[in-house]
$ cat start_3.pdb   # PDB, C-alpha atoms, pLDDT in the B column
ATOM      1  CA  MET A1344     126.437 102.320 103.036  1.00 94.00           C
ATOM      2  CA  ARG A1345     123.013 100.633 103.063  1.00 95.00           C
ATOM      3  CA  VAL A1346     120.292 102.207 105.184  1.00 96.00           C
ATOM      4  CA  LEU A1347     116.803 100.825 105.910  1.00 94.00           C
ATOM      5  CA  VAL A1348     114.224 103.451 106.873  1.00 95.00           C
ATOM      6  CA  THR A1349     110.648 102.534 107.777  1.00 90.00           C
ATOM      7  CA  GLY A1350     107.935 105.180 107.588  1.00 89.00           C
ATOM      8  CA  ALA A1351     109.865 106.840 104.759  1.00 91.00           C
ATOM      9  CA  SER A1352     106.990 108.403 102.821  1.00 89.00           C
ATOM     10  CA  ARG A1353     107.083 111.773 104.562  1.00 88.00           C
ATOM     11  CA  GLY A1354     108.124 113.672 107.662  1.00 89.00           C
ATOM     12  CA  ILE A1355     111.052 112.463 109.741  1.00 93.00           C
ATOM     13  CA  GLY A1356     111.441 109.257 107.725  1.00 94.00           C
ATOM     14  CA  ALA A1357     111.712 111.109 104.404  1.00 94.00           C
ATOM     15  CA  ALA A1358     114.123 113.637 105.930  1.00 95.00           C
ATOM     16  CA  VAL A1359     116.388 110.844 107.212  1.00 97.00           C
ATOM     17  CA  CYS A1360     116.423 109.203 103.765  1.00 97.00           C
ATOM     18  CA  LYS A1361     117.406 112.470 102.112  1.00 97.00           C
ATOM     19  CA  ARG A1362     120.138 113.198 104.658  1.00 97.00           C
ATOM     20  CA  PHE A1363     121.792 109.790 104.154  1.00 97.00           C
ATOM     21  CA  ALA A1364     121.627 110.256 100.379  1.00 97.00           C
ATOM     22  CA  GLU A1365     123.057 113.759 100.499  1.00 96.00           C
ATOM     23  CA  GLU A1366     125.815 113.199 103.050  1.00 96.00           C
ATOM     24  CA  HIS A1367     126.802 109.577 102.369  1.00 96.00           C
ATOM     25  CA  SER A1368     125.531 108.733  98.838  1.00 96.00           C
ATOM     26  CA  ALA A1369     123.834 105.822 100.599  1.00 96.00           C
ATOM     27  CA  THR A1370     121.658 103.095  99.194  1.00 95.00           C
ATOM     28  CA  VAL A1371     118.409 103.824 100.978  1.00 96.00           C
ATOM     29  CA  ILE A1372     115.858 101.041 101.370  1.00 94.00           C
ATOM     30  CA  MET A1373     112.680 103.012 102.012  1.00 92.00           C
ATOM     31  CA  VAL A1374     109.642 101.268 103.409  1.00 88.00           C
ATOM     32  CA  GLY A1375     106.215 102.853 103.569  1.00 84.00           C
ATOM     33  CA  ARG A1376     102.532 102.507 102.871  1.00 80.00           C
ATOM     34  CA  SER A1377     102.109 105.603 100.670  1.00 76.00           C
ATOM     35  CA  LEU A1378     103.665 104.384  97.427  1.00 74.00           C
ATOM     36  CA  HIS A1379     101.852 106.348  94.689  1.00 71.00           C
ATOM     37  CA  SER A1380      99.474 108.464  96.758  1.00 69.00           C
ATOM     38  CA  PRO A1381      99.279 109.527 100.406  1.00 65.00           C
ATOM     39  CA  SER A1382      97.688 106.903 102.651  1.00 63.00           C
ATOM     40  CA  HIS A1383      95.907 109.645 104.590  1.00 62.00           C
ATOM     41  CA  LYS A1384      94.070 112.500 102.903  1.00 69.00           C
ATOM     42  CA  GLY A1385      95.467 115.081 105.324  1.00 69.00           C
ATOM     43  CA  LEU A1386      99.138 114.096 104.947  1.00 70.00           C
ATOM     44  CA  LYS A1387     101.279 114.903 101.925  1.00 78.00           C
ATOM     45  CA  GLY A1388     104.151 112.829 100.616  1.00 81.00           C
ATOM     46  CA  THR A1389     104.701 109.470  98.975  1.00 89.00           C
ATOM     47  CA  LEU A1390     107.412 106.865  98.881  1.00 92.00           C
ATOM     48  CA  LEU A1391     108.072 107.501  95.189  1.00 93.00           C
ATOM     49  CA  GLU A1392     108.508 111.238  95.829  1.00 94.00           C
ATOM     50  CA  THR A1393     111.050 110.475  98.544  1.00 94.00           C
ATOM     51  CA  ALA A1394     112.796 108.006  96.209  1.00 96.00           C
ATOM     52  CA  GLU A1395     113.088 110.671  93.516  1.00 96.00           C
ATOM     53  CA  ASP A1396     114.591 113.111  96.030  1.00 96.00           C
ATOM     54  CA  VAL A1397     117.078 110.476  97.247  1.00 97.00           C
ATOM     55  CA  GLU A1398     118.227 109.794  93.674  1.00 97.00           C
ATOM     56  CA  ASN A1399     118.533 113.539  92.941  1.00 97.00           C
ATOM     57  CA  MET A1400     120.701 113.930  96.057  1.00 97.00           C
ATOM     58  CA  GLY A1401     123.187 111.262  94.962  1.00 97.00           C
ATOM     59  CA  GLY A1402     121.835 108.199  96.730  1.00 97.00           C
ATOM     60  CA  LYS A1403     120.302 104.992  95.395  1.00 97.00           C
ATOM     61  CA  ALA A1404     116.641 104.516  96.272  1.00 96.00           C
ATOM     62  CA  ILE A1405     114.908 101.185  96.828  1.00 93.00           C
ATOM     63  CA  PRO A1406     111.252 101.973  97.625  1.00 93.00           C
ATOM     64  CA  ILE A1407     109.175  99.136  99.096  1.00 89.00           C
ATOM     65  CA  TYR A1408     105.465  99.223  99.777  1.00 86.00           C
ATOM     66  CA  ALA A1409     104.631  97.478 103.037  1.00 81.00           C
ATOM     67  CA  ASP A1410     101.786  97.947 105.480  1.00 72.00           C
ATOM     68  CA  ALA A1411     102.987  97.635 109.086  1.00 68.00           C
ATOM     69  CA  LYS A1412      99.672  96.048 110.034  1.00 70.00           C
ATOM     70  CA  ASP A1413     100.376  93.055 107.757  1.00 71.00           C
ATOM     71  CA  GLY A1414     103.237  91.233 109.478  1.00 71.00           C
ATOM     72  CA  LYS A1415     103.602  88.368 107.002  1.00 74.00           C
ATOM     73  CA  TYR A1416     103.776  90.643 103.967  1.00 72.00           C
ATOM     74  CA  TRP A1417     106.144  92.972 105.812  1.00 71.00           C
ATOM     75  CA  LYS A1418     108.507  90.160 106.787  1.00 75.00           C
ATOM     76  CA  ASN A1419     108.744  88.730 103.268  1.00 77.00           C
ATOM     77  CA  LYS A1420     109.288  92.056 101.492  1.00 76.00           C
ATOM     78  CA  ILE A1421     111.921  93.264 103.943  1.00 77.00           C
ATOM     79  CA  ARG A1422     113.782  89.944 103.971  1.00 80.00           C
ATOM     80  CA  ASP A1423     114.303  90.197 100.212  1.00 78.00           C
ATOM     81  CA  ALA A1424     115.429  93.830 100.400  1.00 79.00           C
ATOM     82  CA  VAL A1425     118.023  93.338 103.118  1.00 83.00           C
ATOM     83  CA  SER A1426     119.590  90.175 101.702  1.00 83.00           C
ATOM     84  CA  GLY A1427     122.736  92.217 100.932  1.00 82.00           C
ATOM     85  CA  GLY A1428     122.939  93.462 104.514  1.00 89.00           C
ATOM     86  CA  VAL A1429     122.107  96.747 106.222  1.00 93.00           C
ATOM     87  CA  ASP A1430     124.478  99.136 107.959  1.00 95.00           C
ATOM     88  CA  VAL A1431     121.864 101.389 109.581  1.00 95.00           C
ATOM     89  CA  LEU A1432     118.242 100.799 110.619  1.00 92.00           C
ATOM     90  CA  ILE A1433     115.909 103.714 111.305  1.00 94.00           C
ATOM     91  CA  ASN A1434     112.625 102.260 112.569  1.00 89.00           C
ATOM     92  CA  ASN A1435     110.277 105.194 112.116  1.00 89.00           C
ATOM     93  CA  VAL A1436     107.092 103.348 111.152  1.00 79.00           C
ATOM     94  CA  SER A1437     103.806 104.351 112.729  1.00 72.00           C
ATOM     95  CA  CYS A1438     100.225 103.256 112.434  1.00 64.00           C
ATOM     96  CA  LEU A1439      97.453 105.785 112.617  1.00 63.00           C
ATOM     97  CA  TRP A1440      94.407 104.061 114.080  1.00 62.00           C
ATOM     98  CA  PRO A1441      92.112 106.510 115.879  1.00 67.00           C
ATOM     99  CA  TYR A1442      89.611 103.789 116.781  1.00 68.00           C
ATOM    100  CA  SER A1443      89.250 101.211 119.533  1.00 69.00           C
ATOM    101  CA  VAL A1444      91.327  98.116 118.797  1.00 63.00           C
ATOM    102  CA  SER A1445      88.257  96.047 119.576  1.00 68.00           C
ATOM    103  CA  ASP A1446      86.274  97.697 116.751  1.00 64.00           C
ATOM    104  CA  GLU A1447      86.835  95.078 114.054  1.00 62.00           C
ATOM    105  CA  SER A1448      84.274  96.656 111.727  1.00 62.00           C
ATOM    106  CA  ARG A1449      86.911  99.263 110.779  1.00 57.00           C
ATOM    107  CA  MET A1450      89.538  96.711 109.706  1.00 54.00           C
TER     108      MET A1450
END
$ encode --input "start_3.pdb" --output "structure tokens"
Amino acid sequence: MRVLVTGASRGIGAAVCKRFAEEHSATVIMVGRSLHSPSHKGLKGTLLETAEDVENMGGKAIPIYADAKDGKYWKNKIRDAVSGGVDVLINNVSCLWPYSVSDESRM
């Protein structure tokens, strides 16, 4: 079974990855923005930590860094990862942006 989970660095996304690894020995394609370190100082968890947990639980981990705000990068990275097909998609990605969308100085 091949599973693609976006927002897989922590929280619900990480939990879903671990469950598929533990119960189905799935290949888990994990997409997130927090590869080596958390993308937000107040939130713990990284993609590589989730990948290690998935492997320890009997699954195969394929961690992919992708920022949901960069559509072109996202499309190219995901296309390569899913070339072998996907059985399950969990679209859990979120973007934390506590500013007005018209405030371009924060981009």
$ resolve_selection --input "start_3.pdb" --expression "the PyMOL selection byres ((chain A and resi 1346) around 6)" --output "PyMOL selection string"
chain A and resi 1345+1347+1371-1372+1429-1432
$ resolve_selection --input "start_3.pdb" --expression "the PyMOL selection byres ((chain A and resi 1408) around 7)" --output "ChimeraX atom specification"
/A:1374-1376,1378,1406-1407,1409-1410
$ resolve_selection --input "start_3.pdb" --expression "the PyMOL selection byres ((chain A and resi 1368) around 8)" --output "PyMOL selection string"
chain A and resi 1344+1363-1367+1369-1370+1400-1403
$ atom_distance --input "start_3.pdb" --atom1 "atom CA of Leu1386 of chain A" --atom2 "atom CA of Asp1423 of chain A"
28.7 Å
$ atom_distance --input "start_3.pdb" --atom1 "atom CA of Lys1387 of chain A" --atom2 "atom CA of Val1348 of chain A"
18.0 Å
$ atom_distance --input "start_3.pdb" --atom1 "atom CA of Ala1394 of chain A" --atom2 "atom CA of Cys1360 of chain A"
8.5 Å
$ closest_residue --input "start_3.pdb" --among "A:Val1436, A:Leu1391, A:Met1373, A:Val1359" --to "Lys1420 of chain A" --atoms "only C-alpha atoms"
A:Met1373
$ residues_around --input "start_3.pdb" --residues "Leu1390 of chain A" --least-positions-apart "3" --cutoff "6 Å" --atoms "all atoms listed in the file" --output "PyMOL selection string"
chain A and resi 1352+1377-1378+1393
$ axis_aligned_box --input "start_3.pdb" --around "segment 1419-1423 of chain A" --padding-each-side "5 Å" --output "lines of an AutoDock Vina configuration file"
center_x = 111.5
center_y = 91.0
center_z = 102.1
size_x = 15.6
size_y = 14.5
size_z = 13.8
$ closest_residue --input "start_3.pdb" --among "A:Gly1428, A:Ile1421, A:Asp1413, A:Asp1396" --to "Thr1349 of chain A" --atoms "only C-alpha atoms"
A:Ile1421
$ decode --input "start_3.pdb" --residues "segment 1352-1403 of chain A" --atoms "C-alpha atoms" --output "PDB file, in the first residue's frame"
ATOM      1  CA  SER A1352       5.644  16.753  10.135  1.00  0.00           C
ATOM      2  CA  ARG A1353       3.559  16.633  13.302  1.00  0.00           C
ATOM      3  CA  GLY A1354       0.076  16.369  14.754  1.00  0.00           C
ATOM      4  CA  ILE A1355      -2.660  14.592  12.827  1.00  0.00           C
ATOM      5  CA  GLY A1356      -0.489  14.143   9.732  1.00  0.00           C
ATOM      6  CA  ALA A1357       2.313  12.429  11.666  1.00  0.00           C
ATOM      7  CA  ALA A1358      -0.204  10.253  13.525  1.00  0.00           C
ATOM      8  CA  VAL A1359      -1.783   9.111  10.241  1.00  0.00           C
ATOM      9  CA  CYS A1360       1.649   8.218   8.828  1.00  0.00           C
ATOM     10  CA  LYS A1361       2.481   6.149  11.894  1.00  0.00           C
ATOM     11  CA  ARG A1362      -0.873   4.353  11.871  1.00  0.00           C
ATOM     12  CA  PHE A1363      -0.502   3.285   8.221  1.00  0.00           C
ATOM     13  CA  ALA A1364       3.041   2.077   8.923  1.00  0.00           C
ATOM     14  CA  GLU A1365       2.035   0.151  12.023  1.00  0.00           C
ATOM     15  CA  GLU A1366      -1.172  -1.430  10.739  1.00  0.00           C
ATOM     16  CA  HIS A1367      -0.395  -1.902   7.034  1.00  0.00           C
ATOM     17  CA  SER A1368       3.433  -1.766   6.683  1.00  0.00           C
ATOM     18  CA  ALA A1369       2.683   0.932   4.113  1.00  0.00           C
ATOM     19  CA  THR A1370       5.037   2.969   2.003  1.00  0.00           C
ATOM     20  CA  VAL A1371       4.306   6.437   3.313  1.00  0.00           C
ATOM     21  CA  ILE A1372       5.098   9.437   1.128  1.00  0.00           C
ATOM     22  CA  MET A1373       5.262  12.223   3.698  1.00  0.00           C
ATOM     23  CA  VAL A1374       5.136  15.821   2.574  1.00  0.00           C
ATOM     24  CA  GLY A1375       5.880  18.745   4.849  1.00  0.00           C
ATOM     25  CA  ARG A1376       7.754  21.973   5.346  1.00  0.00           C
ATOM     26  CA  SER A1377       9.571  21.048   8.578  1.00  0.00           C
ATOM     27  CA  LEU A1378      12.273  18.742   7.237  1.00  0.00           C
ATOM     28  CA  HIS A1379      15.180  19.128   9.696  1.00  0.00           C
ATOM     29  CA  SER A1380      13.729  21.631  12.156  1.00  0.00           C
ATOM     30  CA  PRO A1381      10.232  22.846  13.028  1.00  0.00           C
ATOM     31  CA  SER A1382       8.957  25.558  10.688  1.00  0.00           C
ATOM     32  CA  HIS A1383       7.361  27.350  13.635  1.00  0.00           C
ATOM     33  CA  LYS A1384       9.175  27.949  16.910  1.00  0.00           C
ATOM     34  CA  GLY A1385       6.133  27.000  18.988  1.00  0.00           C
ATOM     35  CA  LEU A1386       5.440  23.667  17.258  1.00  0.00           C
ATOM     36  CA  LYS A1387       7.495  20.521  17.753  1.00  0.00           C
ATOM     37  CA  GLY A1388       8.069  17.811  15.185  1.00  0.00           C
ATOM     38  CA  THR A1389       9.854  17.369  11.885  1.00  0.00           C
ATOM     39  CA  LEU A1390       9.403  15.317   8.766  1.00  0.00           C
ATOM     40  CA  LEU A1391      12.582  13.343   9.451  1.00  0.00           C
ATOM     41  CA  GLU A1392      11.375  12.467  12.965  1.00  0.00           C
ATOM     42  CA  THR A1393       8.110  11.178  11.520  1.00  0.00           C
ATOM     43  CA  ALA A1394      10.054   9.235   8.868  1.00  0.00           C
ATOM     44  CA  GLU A1395      12.159   7.563  11.555  1.00  0.00           C
ATOM     45  CA  ASP A1396       9.013   6.575  13.468  1.00  0.00           C
ATOM     46  CA  VAL A1397       7.406   5.177  10.295  1.00  0.00           C
ATOM     47  CA  GLU A1398      10.482   3.035   9.583  1.00  0.00           C
ATOM     48  CA  ASN A1399      10.605   1.814  13.210  1.00  0.00           C
ATOM     49  CA  MET A1400       6.938   0.793  12.948  1.00  0.00           C
ATOM     50  CA  GLY A1401       7.507  -1.378   9.873  1.00  0.00           C
ATOM     51  CA  GLY A1402       6.659   1.033   7.078  1.00  0.00           C
ATOM     52  CA  LYS A1403       8.802   2.588   4.358  1.00  0.00           C
TER      53      LYS A1403
END
